[in-house]
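Have a look at input17.cif below; it lists mmCIF, C-alpha atoms.
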data_start
loop_
_atom_site.group_PDB
_atom_site.id
_atom_site.type_symbol
_atom_site.label_atom_id
_atom_site.label_comp_id
_atom_site.auth_asym_id
_atom_site.auth_seq_id
_atom_site.Cartn_x
_atom_site.Cartn_y
_atom_site.Cartn_z
ATOM 1 C CA MET A 1 81.269 91.411 159.941
ATOM 2 C CA SER A 2 79.377 94.613 159.144
ATOM 3 C CA ASP A 3 75.942 95.409 160.547
ATOM 4 C CA LEU A 4 74.274 94.757 157.195
ATOM 5 C CA ASP A 5 76.017 91.530 156.241
ATOM 6 C CA TYR A 6 73.173 89.372 157.507
ATOM 7 C CA VAL A 7 70.596 91.429 155.628
ATOM 8 C CA HIS A 8 72.388 90.994 152.325
ATOM 9 C CA GLN A 9 73.617 87.445 152.947
ATOM 10 C CA ASP A 10 74.083 85.535 149.664
ATOM 11 C CA ALA A 11 72.333 88.273 147.641
ATOM 12 C CA ASP A 12 75.163 88.097 145.118
ATOM 13 C CA ASN A 13 75.122 84.305 144.884
ATOM 14 C CA ALA A 14 72.877 83.832 141.870
ATOM 15 C CA SER A 15 73.545 80.085 141.621
ATOM 16 C CA ARG A 16 71.785 78.912 144.786
ATOM 17 C CA LYS A 17 70.485 81.414 147.298
ATOM 18 C CA HIS A 18 69.151 80.505 150.724
ATOM 19 C CA ASN A 19 68.194 83.776 152.412
ATOM 20 C CA ILE A 20 64.554 84.278 151.444
ATOM 21 C CA LEU A 21 65.136 88.040 151.555
ATOM 22 C CA SER A 22 67.340 87.775 148.469
ATOM 23 C CA LEU A 23 64.879 85.719 146.380
ATOM 24 C CA SER A 24 62.122 87.029 144.138
ATOM 25 C CA PHE A 25 58.582 85.714 144.531
ATOM 26 C CA ALA A 26 59.102 83.627 141.396
ATOM 27 C CA GLU A 27 62.218 82.037 142.867
ATOM 28 C CA VAL A 28 60.416 81.154 146.086
ATOM 29 C CA ALA A 29 57.595 79.541 144.107
ATOM 30 C CA GLU A 30 60.088 77.565 142.019
ATOM 31 C CA ARG A 31 61.965 76.409 145.122
ATOM 32 C CA LEU A 32 58.778 75.173 146.778
ATOM 33 C CA LYS A 33 58.082 72.938 143.786
ATOM 34 C CA GLU A 34 61.356 71.110 144.374
ATOM 35 C CA LYS A 35 61.609 67.986 146.515
ATOM 36 C CA ASP A 36 62.399 68.552 150.204
ATOM 37 C CA GLN A 37 62.132 72.330 149.961
ATOM 38 C CA ASP A 38 59.121 72.794 152.263
ATOM 39 C CA THR A 39 61.326 73.125 155.370
ATOM 40 C CA VAL A 40 62.378 76.601 156.472
ATOM 41 C CA LEU A 41 64.577 78.003 159.243
ATOM 42 C CA ILE A 42 63.163 81.065 161.017
ATOM 43 C CA SER A 43 65.914 83.193 162.565
ATOM 44 C CA LEU A 44 65.142 84.802 165.930
ATOM 45 C CA GLY A 45 67.774 86.932 167.636
ATOM 46 C CA SER A 46 67.998 89.466 170.416
ATOM 47 C CA THR A 47 69.438 92.892 171.089
ATOM 48 C CA GLU A 48 70.453 92.877 174.723
ATOM 49 C CA LYS A 49 73.095 93.678 177.296
ATOM 50 C CA HIS A 50 76.088 91.339 177.253
ATOM 51 C CA GLY A 51 79.540 91.854 178.708
ATOM 52 C CA ALA A 52 81.316 95.110 177.854
ATOM 53 C CA HIS A 53 83.617 93.214 175.472
ATOM 54 C CA ILE A 54 80.957 91.828 173.069
ATOM 55 C CA PRO A 55 78.016 93.504 171.306
ATOM 56 C CA LEU A 56 74.335 93.741 172.123
ATOM 57 C CA GLY A 57 73.716 91.573 169.064
ATOM 58 C CA THR A 58 75.757 88.613 170.318
ATOM 59 C CA ASP A 59 72.832 86.178 170.261
ATOM 60 C CA SER A 60 71.782 87.459 166.840
ATOM 61 C CA TYR A 61 75.243 86.962 165.344
ATOM 62 C CA VAL A 62 75.527 83.425 166.701
ATOM 63 C CA THR A 63 72.020 82.564 165.509
ATOM 64 C CA MET A 64 72.752 83.714 161.984
ATOM 65 C CA GLU A 65 76.130 82.014 161.772
ATOM 66 C CA VAL A 66 74.487 78.697 162.670
ATOM 67 C CA VAL A 67 71.455 79.251 160.431
ATOM 68 C CA LYS A 68 73.526 80.246 157.413
ATOM 69 C CA ARG A 69 75.854 77.256 157.752
ATOM 70 C CA THR A 70 72.893 74.899 158.168
ATOM 71 C CA ALA A 71 70.952 76.316 155.230
ATOM 72 C CA GLU A 72 73.931 75.896 152.939
ATOM 73 C CA ALA A 73 74.687 72.384 154.210
ATOM 74 C CA THR A 74 71.098 71.159 153.852
ATOM 75 C CA ASP A 75 70.063 73.398 150.937
ATOM 76 C CA ILE A 76 66.989 74.951 152.519
ATOM 77 C CA LEU A 77 65.705 78.489 152.853
ATOM 78 C CA TYR A 78 65.922 80.695 155.909
ATOM 79 C CA THR A 79 64.279 83.952 156.918
ATOM 80 C CA PRO A 80 66.159 87.175 157.602
ATOM 81 C CA LEU A 81 66.927 87.794 161.236
ATOM 82 C CA MET A 82 64.262 89.111 163.575
ATOM 83 C CA PRO A 83 66.743 91.004 165.793
ATOM 84 C CA PHE A 84 64.595 91.636 168.881
ATOM 85 C CA GLY A 85 63.650 89.036 171.456
ATOM 86 C CA TYR A 86 62.184 88.507 174.900
ATOM 87 C CA SER A 87 64.735 90.222 177.161
ATOM 88 C CA PRO A 88 62.978 92.182 179.924
ATOM 89 C CA HIS A 89 65.572 91.080 182.484
ATOM 90 C CA HIS A 90 68.405 92.585 180.397
ATOM 91 C CA MET A 91 67.006 96.118 180.293
ATOM 92 C CA GLY A 92 69.223 97.222 183.164
ATOM 93 C CA ARG A 93 68.438 100.108 185.463
ATOM 94 C CA HIS A 94 66.266 102.999 184.298
ATOM 95 C CA LEU A 95 68.311 105.517 182.258
ATOM 96 C CA GLU A 96 71.447 103.409 182.621
ATOM 97 C CA GLY A 97 71.690 103.271 178.836
ATOM 98 C CA ALA A 98 72.184 99.505 178.506
ATOM 99 C CA GLY A 99 70.761 99.536 174.976
ATOM 100 C CA THR A 100 68.580 96.423 175.270
ATOM 101 C CA ILE A 101 65.450 96.334 173.118
ATOM 102 C CA THR A 102 62.877 93.877 174.423
ATOM 103 C CA LEU A 103 59.512 92.703 173.157
ATOM 104 C CA ARG A 104 56.707 91.866 175.541
ATOM 105 C CA ALA A 105 55.827 88.173 175.591
ATOM 106 C CA GLU A 106 52.521 88.768 173.802
ATOM 107 C CA THR A 107 54.229 90.836 171.103
ATOM 108 C CA TYR A 108 56.905 88.188 170.648
ATOM 109 C CA ARG A 109 54.332 85.419 170.294
ATOM 110 C CA ASN A 110 52.315 87.483 167.817
ATOM 111 C CA ILE A 111 55.398 88.029 165.656
ATOM 112 C CA MET A 112 56.240 84.330 165.693
ATOM 113 C CA HIS A 113 52.643 83.453 164.836
ATOM 114 C CA ASP A 114 52.438 85.902 161.944
ATOM 115 C CA ILE A 115 55.753 84.807 160.460
ATOM 116 C CA GLY A 116 54.724 81.187 160.771
ATOM 117 C CA ARG A 117 51.274 81.639 159.251
ATOM 118 C CA SER A 118 52.737 83.652 156.375
ATOM 119 C CA LEU A 119 55.209 80.897 155.508
ATOM 120 C CA ILE A 120 52.590 78.146 155.819
ATOM 121 C CA PHE A 121 50.283 80.191 153.555
ATOM 122 C CA HIS A 122 52.900 79.963 150.796
ATOM 123 C CA GLY A 123 53.433 76.218 151.142
ATOM 124 C CA PHE A 124 56.091 75.595 153.768
ATOM 125 C CA LYS A 125 55.135 72.584 155.901
ATOM 126 C CA ARG A 126 58.033 72.232 158.323
ATOM 127 C CA LEU A 127 58.966 75.302 160.363
ATOM 128 C CA ILE A 128 62.036 75.379 162.598
ATOM 129 C CA PHE A 129 62.453 78.516 164.692
ATOM 130 C CA VAL A 130 66.134 78.977 165.620
ATOM 131 C CA SER A 131 67.663 81.205 168.298
ATOM 132 C CA HIS A 132 70.760 81.451 170.454
ATOM 133 C CA HIS A 133 68.974 83.575 173.060
ATOM 134 C CA GLY A 134 67.914 81.258 175.869
ATOM 135 C CA SER A 135 65.148 83.465 177.222
ATOM 136 C CA ASN A 136 63.394 83.465 173.858
ATOM 137 C CA VAL A 137 62.056 80.030 174.822
ATOM 138 C CA LYS A 138 60.173 81.322 177.865
ATOM 139 C CA PRO A 139 57.003 82.629 176.144
ATOM 140 C CA ILE A 140 56.756 80.227 173.184
ATOM 141 C CA ASP A 141 54.753 77.114 174.100
ATOM 142 C CA GLU A 142 51.403 78.738 173.371
ATOM 143 C CA VAL A 143 52.340 79.985 169.901
ATOM 144 C CA LEU A 144 54.062 76.770 168.810
ATOM 145 C CA ARG A 145 50.959 74.797 169.759
ATOM 146 C CA GLN A 146 48.670 77.347 168.160
ATOM 147 C CA LEU A 147 50.483 77.079 164.816
ATOM 148 C CA ARG A 148 50.407 73.304 164.955
ATOM 149 C CA TYR A 149 46.747 73.067 165.939
ATOM 150 C CA GLU A 150 45.670 75.627 163.339
ATOM 151 C CA THR A 151 47.501 74.160 160.352
ATOM 152 C CA ASN A 152 48.871 70.682 161.191
ATOM 153 C CA ALA A 153 52.296 71.887 160.048
ATOM 154 C CA TYR A 154 55.381 70.526 161.787
ATOM 155 C CA ILE A 155 56.453 73.252 164.217
ATOM 156 C CA SER A 156 59.550 73.239 166.399
ATOM 157 C CA TYR A 157 61.995 75.539 168.114
ATOM 158 C CA TYR A 158 65.745 74.881 168.096
ATOM 159 C CA LYS A 159 67.852 76.582 170.742
ATOM 160 C CA THR A 160 71.528 76.434 169.866
ATOM 161 C CA PRO A 161 73.662 74.702 172.519
ATOM 162 C CA THR A 162 74.338 77.221 175.278
ATOM 163 C CA GLU A 163 73.901 77.758 178.991
ATOM 164 C CA ARG A 164 72.932 74.480 180.718
ATOM 165 C CA ASP A 165 72.338 72.761 177.375
ATOM 166 C CA ALA A 166 75.888 73.114 176.030
ATOM 167 C CA SER A 167 77.054 69.546 176.727
ATOM 168 C CA PHE A 168 77.283 69.004 172.970
ATOM 169 C CA LEU A 169 80.332 71.309 173.060
ATOM 170 C CA ASP A 170 81.932 70.083 176.288
ATOM 171 C CA ASP A 171 85.039 68.685 174.620
ATOM 172 C CA ILE A 172 85.827 72.114 173.111
ATOM 173 C CA PHE A 173 85.627 74.037 176.376
ATOM 174 C CA GLU A 174 88.713 74.690 178.467
ATOM 175 C CA ASN A 175 86.887 76.512 181.232
ATOM 176 C CA PRO A 176 85.960 74.236 184.148
ATOM 177 C CA PRO A 177 82.273 73.961 185.095
ATOM 178 C CA GLU A 178 82.576 76.566 187.847
ATOM 179 C CA GLU A 179 83.587 79.084 185.159
ATOM 180 C CA THR A 180 80.293 78.357 183.335
ATOM 181 C CA PRO A 181 81.837 78.160 179.840
ATOM 182 C CA GLY A 182 78.502 78.109 177.993
ATOM 183 C CA TRP A 183 76.997 81.044 179.827
ATOM 184 C CA HIS A 184 76.523 84.737 179.241
ATOM 185 C CA SER A 185 79.545 86.415 177.631
ATOM 186 C CA SER A 186 81.797 83.562 178.742
ATOM 187 C CA GLU A 187 83.956 81.162 176.702
ATOM 188 C CA LEU A 188 81.291 80.048 174.217
ATOM 189 C CA GLU A 189 79.829 83.402 173.269
ATOM 190 C CA THR A 190 83.139 85.252 173.218
ATOM 191 C CA SER A 191 84.770 82.570 171.043
ATOM 192 C CA ALA A 192 81.773 82.485 168.706
ATOM 193 C CA LEU A 193 81.897 86.262 168.281
ATOM 194 C CA MET A 194 85.619 86.080 167.534
ATOM 195 C CA ALA A 195 84.728 83.646 164.749
ATOM 196 C CA ALA A 196 81.822 85.749 163.474
ATOM 197 C CA GLY A 197 83.968 88.883 163.317
ATOM 198 C CA GLU A 198 86.986 89.664 165.480
ATOM 199 C CA GLU A 199 86.304 93.383 165.155
ATOM 200 C CA LEU A 200 83.177 92.812 167.277
ATOM 201 C CA VAL A 201 85.216 91.722 170.315
ATOM 202 C CA HIS A 202 87.151 94.078 172.625
ATOM 203 C CA MET A 203 88.999 91.910 175.115
ATOM 204 C CA GLU A 204 90.558 94.931 176.820
ATOM 205 C CA ARG A 205 87.084 95.468 178.316
ATOM 206 C CA ALA A 206 86.549 91.843 179.344
ATOM 207 C CA VAL A 207 86.231 90.689 182.950
ATOM 208 C CA GLN A 208 85.601 87.430 184.772
ATOM 209 C CA ASP A 209 82.478 87.345 186.905
ATOM 210 C CA ARG A 210 80.029 84.996 188.588
ATOM 211 C CA ALA A 211 76.338 84.927 189.309
ATOM 212 C CA HIS A 212 75.154 85.598 192.854
ATOM 213 C CA VAL A 213 71.828 85.889 194.584
ATOM 214 C CA PRO A 214 70.220 89.329 194.629
ATOM 215 C CA ALA A 215 71.441 91.513 197.476
ATOM 216 C CA TYR A 216 68.048 91.469 199.183
ATOM 217 C CA MET A 217 68.134 87.688 199.723
ATOM 218 C CA THR A 218 69.477 86.028 202.872
ATOM 219 C CA ASP A 219 72.383 83.608 203.240
ATOM 220 C CA LYS A 220 69.988 80.672 202.958
ATOM 221 C CA PHE A 221 69.917 81.250 199.177
ATOM 222 C CA THR A 222 72.569 80.545 196.523
ATOM 223 C CA LYS A 223 72.812 80.948 192.763
ATOM 224 C CA SER A 224 75.314 79.548 190.244
ATOM 225 C CA ASP A 225 74.224 80.788 186.795
ATOM 226 C CA GLY A 226 71.642 82.841 184.918
ATOM 227 C CA THR A 227 68.559 80.662 185.187
ATOM 228 C CA ALA A 228 65.368 82.092 186.651
ATOM 229 C CA THR A 229 65.821 79.860 189.705
ATOM 230 C CA VAL A 230 67.559 80.154 193.054
ATOM 231 C CA LYS A 231 68.605 77.409 195.451
ATOM 232 C CA PHE A 232 67.093 77.483 198.909
ATOM 233 C CA LEU A 233 68.746 75.206 201.463
ATOM 234 C CA GLY A 234 70.323 73.336 198.538
ATOM 235 C CA SER A 235 67.094 72.740 196.588
ATOM 236 C CA GLU A 236 66.648 74.542 193.245
ATOM 237 C CA ASN A 237 62.884 74.563 192.944
ATOM 238 C CA ILE A 238 62.063 78.251 193.270
ATOM 239 C CA TRP A 239 61.507 80.590 190.292
ATOM 240 C CA VAL A 240 61.953 84.306 190.943
ATOM 241 C CA PRO A 241 61.471 87.092 188.309
ATOM 242 C CA MET A 242 64.936 88.589 188.764
ATOM 243 C CA ASP A 243 66.601 91.175 186.552
ATOM 244 C CA HIS A 244 70.023 90.225 185.210
ATOM 245 C CA HIS A 245 71.803 93.091 186.964
ATOM 246 C CA GLU A 246 70.439 91.862 190.312
ATOM 247 C CA TYR A 247 72.435 88.626 190.104
ATOM 248 C CA CYS A 248 75.328 89.608 187.802
ATOM 249 C CA ASP A 249 77.182 92.912 188.136
ATOM 250 C CA THR A 250 78.894 92.957 184.725
ATOM 251 C CA ALA A 251 76.588 90.865 182.458
ATOM 252 C CA VAL A 252 79.396 88.271 182.364
ATOM 253 C CA ILE A 253 78.723 84.879 183.923
ATOM 254 C CA GLY A 254 81.990 83.007 183.559
ATOM 255 C CA ASN A 255 85.487 83.513 182.206
ATOM 256 C CA PRO A 256 85.925 84.852 178.661
ATOM 257 C CA PHE A 257 89.745 84.859 178.755
ATOM 258 C CA ARG A 258 90.255 81.369 177.329
ATOM 259 C CA SER A 259 88.237 82.282 174.250
ATOM 260 C CA THR A 260 89.791 81.955 170.792
ATOM 261 C CA ARG A 261 88.650 82.331 167.212
ATOM 262 C CA GLU A 262 89.612 78.725 166.486
ATOM 263 C CA LYS A 263 87.339 77.508 169.282
ATOM 264 C CA GLY A 264 84.556 79.701 167.991
ATOM 265 C CA LEU A 265 84.798 78.239 164.500
ATOM 266 C CA ARG A 266 84.683 74.716 165.923
ATOM 267 C CA MET A 267 81.676 75.622 168.053
ATOM 268 C CA LEU A 268 79.757 77.166 165.162
ATOM 269 C CA ASP A 269 80.548 74.193 162.941
ATOM 270 C CA ARG A 270 79.464 71.756 165.649
ATOM 271 C CA MET A 271 76.199 73.615 166.237
ATOM 272 C CA SER A 272 75.390 73.770 162.538
ATOM 273 C CA GLU A 273 76.218 70.073 162.119
ATOM 274 C CA HIS A 274 73.766 69.241 164.893
ATOM 275 C CA LEU A 275 71.034 71.467 163.463
ATOM 276 C CA SER A 276 71.693 70.089 159.967
ATOM 277 C CA ALA A 277 71.259 66.540 161.234
ATOM 278 C CA TYR A 278 67.973 67.583 162.840
ATOM 279 C CA VAL A 279 66.781 69.187 159.599
ATOM 280 C CA GLN A 280 67.500 65.997 157.668
ATOM 281 C CA GLU A 281 65.449 63.952 160.122
ATOM 282 C CA VAL A 282 62.573 66.452 160.027
ATOM 283 C CA ARG A 283 62.458 66.065 156.257
ATOM 284 C CA LYS A 284 61.557 62.393 156.763
ATOM 285 C CA PHE A 285 58.427 63.168 158.787
ATOM 286 C CA PRO A 286 55.093 62.716 156.984
ATOM 287 C CA VAL A 287 53.394 66.121 157.125
ATOM 288 C CA GLU A 288 50.117 67.119 155.498
ATOM 289 C CA THR A 289 49.040 70.658 156.290
ATOM 290 C CA THR A 290 45.429 71.786 156.570
ATOM 291 C CA ASP A 291 43.744 75.206 156.693
ATOM 292 C CA THR A 292 46.794 76.940 155.274
ATOM 293 C CA ASP A 293 44.892 80.020 154.145
ATOM 294 C CA TYR A 294 45.484 83.040 156.346
ATOM 295 C CA PRO A 295 42.335 85.183 156.329
ATOM 296 C CA GLY A 296 43.282 86.851 159.619
ATOM 297 C CA ARG A 297 46.468 88.304 158.173
ATOM 298 C CA ALA A 298 45.202 91.890 158.390
#

How does the structure come out when it is put into structure tokens?
Amino acid sequence: MSDLDYVHQDADNASRKHNILSLSFAEVAERLKEKDQDTVLISLGSTEKHGAHIPLGTDSYVTMEVVKRTAEATDILYTPLMPFGYSPHHMGRHLEGAGTITLRAETYRNIMHDIGRSLIFHGFKRLIFVSHHGSNVKPIDEVLRQLRYETNAYISYYKTPTERDASFLDDIFENPPEETPGWHSSELETSALMAAGEELVHMERAVQDRAHVPAYMTDKFTKSDGTATVKFLGSENIWVPMDHHEYCDTAVIGNPFRSTREKGLRMLDRMSEHLSAYVQEVRKFPVETTDTDYPGRA
């Protein structure tokens, strides 16, 4: 998979294109006149530190694999990838060179709002933001509500199964729970990247690792994964703004060594099947948009 493949996705498929970037304005207008074509997938990725064996764009690649499969299965349009997300905790140490590019929460919300209002302006009524990056959900409640309240469009955010919400894939995992198969750079993400493009994965650099509490905490605290919480005396009710390198030394939370391309293909298919089923249900919702003009667009 080359760096530009997701930019040019289906540009040569003149019969039925789904990436809005490859359509002319006339084609978009024609598509919107068709039945059930007012739903759109909005692709949100990230560029952030993962394990040394998989790329900074891991979440972006997984997002686009799922979006592309879903768009083709349900015959709807999708937006080109927005490759930067909310990743302040993945920046690493100053001048370490981790490569992460993060957007501030306000910037991220503004981008989501402007993309959403632009699409609603043209006639899309059902917007589904899609991302594989778990932390992209942290700043979004305000903007999702704002879009809904402003326009009455159906607005939702779909996070692909990962981290603590990966039960949909449990039967595919071989890693036991203590090896956090759905977590950062572990079995799920490594397998998915093998399926997206084996040249993106360098297993000679892979390691197993676990999350731990930051070094400054006492032995009354424990931590098992990459959530923003810690357990204190067994109770996980405390949120702490930790950086990823404070609780994970290698950006790997889990064991990537049971990963395979075959697993990755099954995972991507399963995720796209789930999202496709959701899209089909969303199409049944009665939605009448209001105030779809966008005078504040400048």

Next on the checklist: I need the residue nearest Phe121 of chain A from this list: A:Glu142, A:Gly57, A:Glu198, A:Glu150. Use all atoms listed in the file for the distance.
Outcome noted: A:Glu150

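Evaluated on this file, the PyMOL selection byres ((chain A and resi 133) around 10) matches A:Leu44, A:Gly45, A:Ser46, A:Thr47, A:Glu48, A:Thr58, A:Asp59, A:Ser60, A:Val62, A:Thr63, A:Gly85, A:Tyr86, A:Ser87, A:Val130, A:Ser131, A:His132, A:Gly134, A:Ser135, A:Asn136, A:Val137, A:Lys159, A:Thr160, A:Thr162, A:Glu163, A:His184.
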
Next on the checklist: Evaluate the PyMOL selection byres ((chain A and resi 118) around 12) against this structure - the residues, as a PyMOL selection string, please.
Outcome noted: chain A and resi 40+42+79+111-117+119-125+127+147+151+292-298

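We find atom CA of His89 of chain A and atom CA of Gly254 of chain A to be spaced 18.3 Å apart.
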
Considering all atoms listed in the file, return as a PDB file with C-alpha atoms, keeping the file's coordinate frame whatever protein or nucleic-acid residues lie within 8 Å of Ala196 of chain A, sequence-local ones (same chain, fewer than 2 positions apart) excluded.
ATOM      1  CA  MET A   1      81.269  91.411 159.941  1.00  0.00           C
ATOM      2  CA  TYR A  61      75.243  86.962 165.344  1.00  0.00           C
ATOM      3  CA  VAL A  62      75.527  83.425 166.701  1.00  0.00           C
ATOM      4  CA  GLU A  65      76.130  82.014 161.772  1.00  0.00           C
ATOM      5  CA  ALA A 192      81.773  82.485 168.706  1.00  0.00           C
ATOM      6  CA  LEU A 193      81.897  86.262 168.281  1.00  0.00           C
ATOM      7  CA  MET A 194      85.619  86.080 167.534  1.00  0.00           C
ATOM      8  CA  GLU A 198      86.986  89.664 165.480  1.00  0.00           C
TER       9      GLU A 198
END

Checklist outcome for this item: Across A:Glu187, A:Glu30, A:Glu178, A:Asp38, the smallest distance to Met267 of chain A, with only C-alpha atoms counted, is shown by A:Glu187

Item to check | Residues within 9 Å of segment 73-75 of chain A, all atoms listed in the file, excluding chain neighbours under 6 positions, as a ChimeraX atom specification | outcome: /A:16-18,37,272-273,276-277,279-280
